[in-house]
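The file model_22.cif comes next; it holds mmCIF, C-alpha atoms.
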```cif
data_structure
loop_
_atom_site.label_atom_id
_atom_site.label_comp_id
_atom_site.auth_asym_id
_atom_site.auth_seq_id
_atom_site.Cartn_x
_atom_site.Cartn_y
_atom_site.Cartn_z
CA MET A 1 3.65 16.01 38.00
CA ASP A 2 6.33 13.42 37.29
CA LYS A 3 9.41 15.06 35.76
CA GLU A 4 9.93 12.35 33.15
CA TYR A 5 6.29 12.52 32.08
CA PHE A 6 6.50 16.31 31.82
CA LEU A 7 9.63 16.14 29.64
CA THR A 8 7.98 13.55 27.42
CA LYS A 9 4.95 15.80 26.90
CA VAL A 10 7.17 18.80 26.12
CA LEU A 11 9.26 16.85 23.62
CA SER A 12 6.11 15.47 22.01
CA TYR A 13 4.68 18.98 21.67
CA TRP A 14 7.82 20.42 20.08
CA SER A 15 8.22 17.40 17.83
CA SER A 16 4.64 17.82 16.59
CA LEU A 17 5.14 21.56 16.09
CA ILE A 18 8.38 21.13 14.13
CA ARG A 19 6.74 18.44 11.99
CA LYS A 20 3.84 20.75 11.14
CA VAL A 21 6.21 23.56 10.16
CA VAL A 22 8.32 21.24 7.97
CA PHE A 23 5.20 19.82 6.31
CA CYS A 24 3.95 23.35 5.58
CA VAL A 25 7.24 24.06 3.79
CA LEU A 26 7.03 20.79 1.83
CA ARG A 27 3.50 21.60 0.69
CA VAL A 28 4.85 24.61 -1.20
CA GLY A 29 6.03 22.02 -3.76
CA PRO A 30 4.20 19.04 -5.28
CA ILE A 31 3.12 16.37 -2.79
CA PRO A 32 3.05 12.73 -3.92
CA THR A 33 -0.43 11.33 -4.28
CA HIS A 34 0.53 7.75 -3.47
CA ILE A 35 3.41 6.31 -1.43
CA ALA A 36 4.00 2.56 -1.24
CA VAL A 37 6.37 0.87 1.22
CA ILE A 38 8.18 -2.45 1.49
CA MET A 39 8.72 -2.92 5.21
CA ASP A 40 12.06 -4.73 5.34
CA GLY A 41 14.36 -5.22 8.30
CA ASN A 42 12.11 -6.17 11.23
CA ARG A 43 14.03 -9.35 12.00
CA ARG A 44 17.44 -7.71 11.55
CA TYR A 45 16.37 -4.91 13.88
CA ALA A 46 15.32 -7.37 16.59
CA LYS A 47 18.57 -9.29 16.24
CA ARG A 48 20.69 -6.12 16.38
CA LYS A 49 18.81 -4.85 19.43
CA LEU A 50 18.97 -8.29 21.12
CA LEU A 51 15.19 -8.48 21.31
CA GLU A 52 13.16 -11.65 21.54
CA GLU A 53 11.95 -13.30 18.36
CA GLY A 54 9.02 -11.47 16.84
CA ALA A 55 9.61 -8.23 18.75
CA GLY A 56 10.87 -6.53 15.60
CA HIS A 57 7.46 -6.99 14.01
CA ASP A 58 5.83 -5.24 17.00
CA VAL A 59 8.05 -2.18 16.57
CA GLY A 60 7.56 -2.36 12.81
CA ALA A 61 3.78 -2.26 13.18
CA MET A 62 4.07 0.88 15.29
CA ALA A 63 6.38 2.42 12.68
CA LEU A 64 3.74 1.78 10.02
CA LEU A 65 1.01 3.44 12.08
CA ASN A 66 3.28 6.46 12.64
CA LEU A 67 4.02 6.70 8.92
CA ILE A 68 0.30 6.57 8.16
CA ILE A 69 -0.20 9.53 10.51
CA TYR A 70 2.68 11.47 8.90
CA CYS A 71 1.31 10.88 5.40
CA TYR A 72 -2.15 11.97 6.51
CA GLU A 73 -0.75 15.18 8.01
CA LEU A 74 1.40 15.89 4.94
CA GLY A 75 -1.50 15.53 2.53
CA VAL A 76 -0.58 12.27 0.81
CA LYS A 77 -3.87 10.69 -0.26
CA TYR A 78 -2.84 7.03 -0.63
CA ILE A 79 -0.40 4.87 1.30
CA THR A 80 0.14 1.20 0.53
CA ALA A 81 2.10 -1.23 2.72
CA TYR A 82 3.47 -4.63 1.75
CA ALA A 83 2.51 -6.41 4.97
CA PHE A 84 2.64 -10.08 4.02
CA ALA A 85 3.72 -11.75 0.79
CA ILE A 86 2.39 -15.12 -0.34
CA ASP A 87 5.96 -16.42 -0.10
CA ASN A 88 6.03 -15.45 3.59
CA PHE A 89 3.93 -18.52 4.35
CA ARG A 90 7.22 -20.43 3.99
CA ARG A 91 8.55 -18.85 7.17
CA LYS A 92 8.36 -20.53 10.55
CA PRO A 93 4.75 -21.06 11.68
CA SER A 94 5.39 -19.09 14.86
CA GLU A 95 6.52 -16.04 12.88
CA VAL A 96 3.58 -16.32 10.47
CA GLN A 97 1.19 -16.47 13.42
CA LYS A 98 2.90 -13.45 15.01
CA ILE A 99 2.37 -11.40 11.85
CA MET A 100 -1.26 -12.50 11.59
CA ASP A 101 -1.85 -11.50 15.22
CA LEU A 102 -0.32 -8.10 14.51
CA LEU A 103 -2.48 -7.75 11.41
CA LYS A 104 -5.56 -8.28 13.55
CA GLU A 105 -4.36 -5.67 16.07
CA CYS A 106 -3.70 -3.19 13.26
CA MET A 107 -7.23 -3.76 11.97
CA MET A 108 -8.63 -2.83 15.37
CA VAL A 109 -6.44 0.30 15.57
CA LEU A 110 -7.40 1.41 12.05
CA ALA A 111 -11.07 0.79 12.84
CA LYS A 112 -10.80 3.11 15.87
CA ILE A 113 -9.00 5.78 13.83
CA ALA A 114 -11.65 5.55 11.09
CA LYS A 115 -14.35 6.42 13.63
CA HIS A 116 -12.81 9.88 14.07
CA HIS A 117 -11.11 10.49 10.70
CA PRO A 118 -12.30 9.84 7.12
CA ILE A 119 -9.85 7.01 6.43
CA LYS A 120 -10.67 4.33 3.89
CA VAL A 121 -8.98 0.95 4.46
CA ASN A 122 -8.37 -1.59 1.70
CA PHE A 123 -6.85 -5.05 1.86
CA ALA A 124 -5.30 -6.11 -1.44
CA GLY A 125 -4.30 -9.68 -2.19
CA ASN A 126 -5.69 -13.18 -2.13
CA LEU A 127 -7.71 -12.88 1.07
CA GLU A 128 -8.88 -16.48 0.67
CA LEU A 129 -5.47 -17.50 2.01
CA LEU A 130 -6.26 -15.84 5.36
CA ASN A 131 -8.10 -17.71 8.06
CA ALA A 132 -11.85 -17.12 8.19
CA GLU A 133 -11.71 -14.79 11.20
CA LEU A 134 -9.10 -12.45 9.71
CA ARG A 135 -10.78 -12.52 6.32
CA ASP A 136 -14.13 -11.55 7.82
CA GLU A 137 -12.53 -8.77 9.88
CA ALA A 138 -10.77 -7.39 6.80
CA ARG A 139 -13.97 -7.36 4.76
CA LYS A 140 -15.90 -5.83 7.64
CA LEU A 141 -13.37 -2.99 7.96
CA MET A 142 -13.37 -2.39 4.20
CA GLY A 143 -17.16 -2.23 4.21
CA ALA A 144 -17.27 0.14 7.18
CA THR A 145 -14.85 2.61 5.53
CA ALA A 146 -15.92 2.17 1.89
CA GLU A 147 -17.59 5.59 1.65
CA TYR A 148 -14.49 7.52 2.75
CA SER A 149 -12.13 8.92 0.15
CA LYS A 150 -10.00 11.67 1.72
CA PHE A 151 -7.22 9.28 2.77
CA VAL A 152 -6.81 5.66 1.67
CA VAL A 153 -4.70 3.03 3.45
CA THR A 154 -4.11 -0.19 1.51
CA ILE A 155 -2.59 -3.20 3.26
CA CYS A 156 -1.22 -5.78 0.84
CA VAL A 157 -1.61 -9.15 2.51
CA CYS A 158 -1.21 -12.57 0.88
CA TYR A 159 -0.07 -10.54 -2.09
CA CYS A 160 2.49 -10.78 -4.87
CA CYS A 161 2.45 -9.03 -8.21
CA THR A 162 2.59 -12.21 -10.30
CA ASP A 163 -0.51 -13.51 -8.49
CA ASP A 164 -2.15 -10.11 -9.03
CA ILE A 165 -1.54 -10.36 -12.79
CA VAL A 166 -2.72 -13.98 -13.03
CA TYR A 167 -5.85 -13.15 -11.03
CA SER A 168 -6.59 -10.19 -13.31
CA VAL A 169 -6.08 -12.15 -16.53
CA GLU A 170 -8.32 -14.97 -15.32
CA LYS A 171 -11.03 -12.54 -14.25
CA SER A 172 -10.79 -10.70 -17.57
CA CYS A 173 -11.14 -14.00 -19.46
CA ARG A 174 -14.23 -14.91 -17.46
CA GLU A 175 -15.79 -11.51 -18.18
CA LYS A 176 -15.11 -11.79 -21.92
CA HIS A 177 -16.45 -15.34 -21.96
CA TYR A 178 -19.62 -14.19 -20.20
CA TYR A 179 -20.05 -11.34 -22.65
CA HIS A 180 -19.51 -13.62 -25.64
CA SER A 181 -21.85 -16.32 -24.31
CA TYR A 182 -24.73 -14.31 -22.87
CA ILE A 183 -24.58 -10.76 -24.24
CA GLY A 184 -22.69 -10.61 -27.52
CA ASP A 185 -24.78 -13.29 -29.21
CA SER A 186 -27.99 -11.42 -28.38
CA HIS A 187 -27.01 -8.36 -30.41
CA ASP A 188 -29.00 -7.87 -33.57
CA ASP A 189 -26.05 -6.52 -35.55
CA LYS A 190 -24.29 -9.63 -36.80
CA ASP A 191 -22.50 -7.99 -39.72
CA ASP A 192 -19.91 -5.95 -37.89
CA ASP A 193 -17.52 -8.84 -37.21
CA ASP A 194 -14.49 -6.61 -36.67
CA LYS A 195 -16.11 -4.69 -33.83
CA ASP A 196 -17.45 -7.91 -32.36
CA ASP A 197 -13.99 -9.48 -32.37
CA GLU A 198 -12.57 -6.36 -30.75
CA ARG A 199 -15.12 -6.58 -27.93
CA HIS A 200 -13.87 -10.10 -27.22
CA MET A 201 -10.21 -9.09 -26.97
CA ILE A 202 -8.59 -8.57 -23.58
CA LYS A 203 -7.01 -5.12 -23.49
CA LEU A 204 -4.70 -3.30 -21.12
CA VAL A 205 -7.63 -1.49 -19.52
CA ASP A 206 -9.27 -4.85 -18.73
CA ILE A 207 -6.14 -6.14 -17.01
CA GLU A 208 -5.62 -3.01 -14.93
CA LYS A 209 -9.23 -2.62 -13.80
CA ASN A 210 -9.34 -6.24 -12.54
CA MET A 211 -6.11 -6.21 -10.52
CA TYR A 212 -6.15 -6.30 -6.73
CA MET A 213 -4.40 -2.91 -6.81
CA ALA A 214 -7.04 -1.28 -9.01
CA VAL A 215 -8.26 0.38 -5.80
CA THR A 216 -5.42 2.92 -5.98
CA PRO A 217 -3.54 4.90 -8.63
CA ASP A 218 0.03 3.86 -9.41
CA PRO A 219 2.51 4.90 -6.69
CA ASP A 220 4.53 8.07 -7.09
CA ILE A 221 7.10 6.74 -4.63
CA LEU A 222 8.09 3.24 -3.57
CA ILE A 223 10.13 3.11 -0.37
CA ARG A 224 12.09 0.04 0.65
CA THR A 225 14.02 -0.09 3.91
CA GLY A 226 16.79 -2.43 5.06
CA ASP A 227 19.26 -1.24 2.39
CA GLU A 228 17.68 -3.61 -0.13
CA HIS A 229 17.27 -2.77 -3.81
CA ARG A 230 14.75 -5.41 -4.88
CA LEU A 231 11.00 -5.12 -5.50
CA SER A 232 10.40 -8.65 -4.16
CA ASN A 233 7.40 -9.24 -6.42
CA PHE A 234 5.64 -6.10 -5.20
CA LEU A 235 3.87 -3.74 -7.63
CA GLN A 236 6.22 -4.34 -10.59
CA TRP A 237 3.30 -3.59 -12.91
CA GLN A 238 2.42 -0.33 -11.13
CA THR A 239 5.89 1.15 -10.42
CA CYS A 240 7.40 1.51 -13.89
CA HIS A 241 7.36 5.31 -13.50
CA SER A 242 7.74 5.56 -9.71
CA LEU A 243 10.59 7.01 -7.68
CA LEU A 244 12.34 4.06 -6.03
CA ALA A 245 13.81 5.01 -2.65
CA SER A 246 16.07 2.47 -0.93
CA LEU A 247 16.78 3.45 2.68
CA SER A 248 19.63 1.95 4.68
CA THR A 249 17.63 2.05 7.90
CA ASP A 250 15.66 -0.98 9.03
CA TRP A 251 11.89 -0.57 8.92
CA PRO A 252 11.25 -0.18 12.68
CA GLU A 253 13.58 2.85 12.68
CA ILE A 254 11.90 4.73 9.84
CA GLY A 255 10.79 8.16 10.93
CA VAL A 256 9.47 11.50 9.76
CA TRP A 257 12.85 12.72 8.50
CA HIS A 258 13.16 9.73 6.18
CA LEU A 259 9.77 10.67 4.73
CA VAL A 260 10.87 14.30 4.34
CA LYS A 261 14.03 13.27 2.47
CA VAL A 262 12.13 11.00 0.08
CA VAL A 263 9.51 13.67 -0.65
CA LEU A 264 12.25 16.23 -1.35
CA ASP A 265 13.83 13.79 -3.82
CA PHE A 266 10.43 13.37 -5.46
CA GLN A 267 9.98 17.14 -5.75
CA GLN A 268 13.42 17.60 -7.30
CA ASN A 269 12.59 15.02 -9.98
CA TYR A 270 8.90 15.88 -10.32
CA ASP A 271 9.03 17.21 -13.89
CA TYR A 272 10.75 14.04 -15.08
CA PHE A 273 8.12 11.76 -13.51
CA VAL A 274 5.28 13.86 -14.92
CA ARG A 275 6.71 13.54 -18.43
CA LYS A 276 7.08 9.78 -18.07
CA LYS A 277 3.50 9.37 -16.86
CA LEU A 278 2.19 11.47 -19.72
CA GLN A 279 4.05 9.27 -22.19
CA ARG A 280 2.21 6.26 -20.81
CA LEU A 281 -1.22 7.77 -21.44
#
```

Exercise: express the given structure as structure tokens:
Amino acid sequence: MDKEYFLTKVLSYWSSLIRKVVFCVLRVGPIPTHIAVIMDGNRRYAKRKLLEEGAGHDVGAMALLNLIIYCYELGVKYITAYAFAIDNFRRKPSEVQKIMDLLKECMMVLAKIAKHHPIKVNFAGNLELLNAELRDEARKLMGATAEYSKFVVTICVCYCCTDDIVYSVEKSCREKHYYHSYIGDSHDDKDDDDKDDERHMIKLVDIEKNMYMAVTPDPDILIRTGDEHRLSNFLQWQTCHSLLASLSTDWPEIGVWHLVKVVLDFQQNYDYFVRKKLQRL
């Protein structure tokens, strides 16, 4: 047996064993239900490592898949990744195409994983902005994993929070208009005007149920890499009571110990976040 291969297998075994032990210790405390990530620093990583253009996105995609595995092992139920913002279409066409190619590869990998593990895959955002092939693949993967619920991976693509809000408001208006035009007028009780007016009002629950991100609960933790402290139009509506973790490392270098640190921070502040969420109810 090749010596280098043997050492790699040994290191992989011990790494997996140590990770399992650490995760067992973490599970003594509260585990976040939902972790969201802004994957920043792919281009800076490639430039720092003197890699060819686009190579940082390749390493970043692998880092995301590893993080998905870590979250699954730890017991996190939801993970959401900001893969491609609507504003990213302004980047060079070659970079946009590179990201779209990687998105297709990730779909194939997630489809293979879903055949052996109960993983549900969602794609949140304006999928109409994708090309027909990618859009069909995304919908096919969502349909194939729709019945799973143990672990949910949401990829935000062609997404921004302002578009999410506008989409939800427009959809809510259409629903209320339909109710008013085709259902409300058919009711026999015409005297209760106050209740009728209330049924026509758009409420908070209407907005939230019609958002792209209605497929998941609000994040407990939002991680952003690249030493950035901005939300970049990602989940502003959903993260008002989330732990915001800004990591100095670039996204391709994120690893299990970064996840451990963030979860420990969450556990230390858990009571505070619970109180804030209860106040919102």

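Here atom CA of Leu235 of chain A is placed at a distance of 20.9 Å from atom CA of Ala138 of chain A.
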
Practice item. Apply the PyMOL selection byres ((chain A and resi 27-37) around 7) to the displayed file and report the matching residues as a PyMOL selection string. Key: chain A and resi 23-26+38-39+76-82+219-224+267

Exercise for review: Enter the distance from atom CA of Pro217 of chain A to atom CA of Val96 of chain A, in Å, rounded to one decimal.
Suggested key: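 Interatomic distance, atom CA of Pro217 of chain A to atom CA of Val96 of chain A: 29.4 Å.
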
Point to revise | Polymer residues at most 9 Å from Met211 of chain A, all atoms listed in the file, same-chain spacing of 5 or more positions, as a PyMOL selection string | key: chain A and resi 164-169+171+206

Practice item. Name the residues that the PyMOL selection byres ((chain A and resi 250) around 10) pulls out of this structure, and write them as an NGL selection string. Key: :A and (39-46 or 56 or 60 or 224-228 or 247-249 or 251-254)

Practice item. Pick out the residues sitting within 12 Å of Ile155 of chain A, and hand them over as a PyMOL selection string; count all atoms listed in the file, and ignore anything fewer than 5 positions along from it in its own chain. Key: chain A and resi 36-39+61+64-65+68+78-85+103-104+106-107+110+120-127+138+141-142+212-213+215-216

Check your understanding: Between A:Ala245, A:Leu51, A:Cys160, A:Ala214, which has the minimum distance to His229 of chain A (counting all atoms listed in the file)?
Key ->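 So, comparing all the options, the nearest one is A:Ala245.
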
Study note, to complete from the structure: Counting all atoms listed in the file, closest pick from A:Phe234, A:Gln97, A:Lys20, A:Ala132 relative to Gly75 of chain A is A:Lys20

Review point. Just how far from atom CA of Glu175 of chain A is atom CA of Ile202 of chain A, in Å to one decimal?
Key: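 Between these atoms lies a distance of 9.5 Å.
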
Check your understanding: Nearest to Tyr148 of chain A: which of A:Ala111, A:Pro118, A:Lys209, A:Ala55 is it, counting all atoms listed in the file?
Key ->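 Once distances to Tyr148 of chain A are computed over all atoms listed in the file, the minimum belongs to A:Pro118.
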
Review point. With all atoms listed in the file as the basis for distance, which of A:Leu67, A:Lys47, A:Glu53, A:Met62 is at the shortest distance from Trp257 of chain A?
Key: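 Answer, going by the shortest atom-to-atom distance: A:Leu67.
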
**Study point:** Among listed residues A:Tyr178, A:Ser172, A:Ser12, A:Lys49, nearest Leu204 of chain A (using only C-alpha atoms)
**Key:**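 Counting only C-alpha atoms, the residue closest to Leu204 of chain A is A:Ser172.
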
Review point. Nearest to Val262 of chain A: which of A:Ile99, A:Leu243, A:Val274, A:Ile18 is it, counting only C-alpha atoms?
Key: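 Residue with the minimum atom-to-atom distance to Val262 of chain A: A:Leu243.
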
Could I see segment 126-137 of chain A restored to all heavy atoms, set down as a CSV table (one decimal), keeping the file's coordinate frame?
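Produced file selection_29.csv, reproduced below:
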```
chain,number,residue,atom,x,y,z
A,126,ASN,N,-4.8,-12.0,-2.1
A,126,ASN,CA,-5.7,-13.2,-2.1
A,126,ASN,C,-6.2,-13.4,-0.7
A,126,ASN,O,-5.6,-14.2,0.0
A,126,ASN,CB,-4.9,-14.4,-2.7
A,126,ASN,CG,-5.8,-15.6,-2.9
A,126,ASN,OD1,-7.0,-15.6,-2.5
A,126,ASN,ND2,-5.3,-16.7,-3.4
A,127,LEU,N,-7.2,-12.8,-0.3
A,127,LEU,CA,-7.7,-12.9,1.1
A,127,LEU,C,-8.2,-14.3,1.4
A,127,LEU,O,-8.4,-14.6,2.6
A,127,LEU,CB,-8.8,-11.9,1.3
A,127,LEU,CG,-8.4,-10.4,1.1
A,127,LEU,CD1,-9.6,-9.5,1.5
A,127,LEU,CD2,-7.2,-10.0,1.9
A,128,GLU,N,-8.4,-15.1,0.4
A,128,GLU,CA,-8.9,-16.5,0.7
A,128,GLU,C,-7.8,-17.3,1.4
A,128,GLU,O,-8.1,-18.3,2.0
A,128,GLU,CB,-9.3,-17.2,-0.6
A,128,GLU,CG,-10.5,-16.6,-1.3
A,128,GLU,CD,-11.7,-16.6,-0.5
A,128,GLU,OE1,-11.9,-17.6,0.2
A,128,GLU,OE2,-12.5,-15.6,-0.4
A,129,LEU,N,-6.6,-16.8,1.3
A,129,LEU,CA,-5.5,-17.5,2.0
A,129,LEU,C,-5.4,-17.2,3.5
A,129,LEU,O,-4.7,-17.8,4.3
A,129,LEU,CB,-4.1,-17.1,1.4
A,129,LEU,CG,-4.0,-17.6,-0.1
A,129,LEU,CD1,-2.6,-17.1,-0.6
A,129,LEU,CD2,-4.1,-19.1,-0.3
A,130,LEU,N,-6.2,-16.2,3.9
A,130,LEU,CA,-6.3,-15.8,5.4
A,130,LEU,C,-7.2,-16.8,6.0
A,130,LEU,O,-8.1,-17.4,5.4
A,130,LEU,CB,-6.8,-14.4,5.6
A,130,LEU,CG,-5.9,-13.3,5.1
A,130,LEU,CD1,-6.6,-11.9,5.2
A,130,LEU,CD2,-4.6,-13.2,5.9
A,131,ASN,N,-7.1,-16.9,7.4
A,131,ASN,CA,-8.1,-17.7,8.1
A,131,ASN,C,-9.4,-17.0,8.1
A,131,ASN,O,-9.5,-15.8,7.8
A,131,ASN,CB,-7.6,-18.1,9.5
A,131,ASN,CG,-7.5,-16.8,10.4
A,131,ASN,OD1,-8.4,-16.0,10.5
A,131,ASN,ND2,-6.3,-16.7,11.0
A,132,ALA,N,-10.5,-17.7,8.3
A,132,ALA,CA,-11.8,-17.1,8.2
A,132,ALA,C,-12.1,-15.9,9.1
A,132,ALA,O,-12.7,-14.9,8.6
A,132,ALA,CB,-12.9,-18.2,8.5
A,133,GLU,N,-11.5,-15.9,10.3
A,133,GLU,CA,-11.7,-14.8,11.2
A,133,GLU,C,-11.1,-13.5,10.7
A,133,GLU,O,-11.7,-12.4,10.6
A,133,GLU,CB,-11.1,-15.1,12.6
A,133,GLU,CG,-11.3,-14.0,13.6
A,133,GLU,CD,-10.7,-14.3,14.9
A,133,GLU,OE1,-10.0,-15.4,15.0
A,133,GLU,OE2,-10.8,-13.5,15.9
A,134,LEU,N,-9.8,-13.6,10.2
A,134,LEU,CA,-9.1,-12.4,9.7
A,134,LEU,C,-9.8,-12.0,8.4
A,134,LEU,O,-9.9,-10.8,8.2
A,134,LEU,CB,-7.6,-12.8,9.4
A,134,LEU,CG,-6.6,-12.5,10.6
A,134,LEU,CD1,-5.2,-12.9,10.1
A,134,LEU,CD2,-6.7,-11.1,11.0
A,135,ARG,N,-10.2,-12.9,7.6
A,135,ARG,CA,-10.8,-12.5,6.3
A,135,ARG,C,-12.1,-11.7,6.6
A,135,ARG,O,-12.3,-10.7,5.9
A,135,ARG,CB,-11.0,-13.8,5.5
A,135,ARG,CG,-11.6,-13.5,4.1
A,135,ARG,CD,-11.5,-14.7,3.2
A,135,ARG,NE,-12.3,-15.8,3.8
A,135,ARG,CZ,-11.8,-17.0,4.3
A,135,ARG,NH1,-10.5,-17.1,4.3
A,135,ARG,NH2,-12.6,-17.9,4.7
A,136,ASP,N,-12.9,-12.2,7.5
A,136,ASP,CA,-14.1,-11.6,7.8
A,136,ASP,C,-13.9,-10.2,8.4
A,136,ASP,O,-14.6,-9.2,8.1
A,136,ASP,CB,-15.0,-12.4,8.8
A,136,ASP,CG,-15.5,-13.7,8.1
A,136,ASP,OD1,-15.5,-13.7,6.9
A,136,ASP,OD2,-15.9,-14.6,8.9
A,137,GLU,N,-12.9,-10.1,9.3
A,137,GLU,CA,-12.5,-8.8,9.9
A,137,GLU,C,-12.1,-7.8,8.8
A,137,GLU,O,-12.4,-6.6,8.9
A,137,GLU,CB,-11.4,-8.9,11.0
A,137,GLU,CG,-11.9,-9.6,12.2
A,137,GLU,CD,-12.9,-8.8,13.0
A,137,GLU,OE1,-12.8,-7.6,12.9
A,137,GLU,OE2,-13.8,-9.4,13.6
```
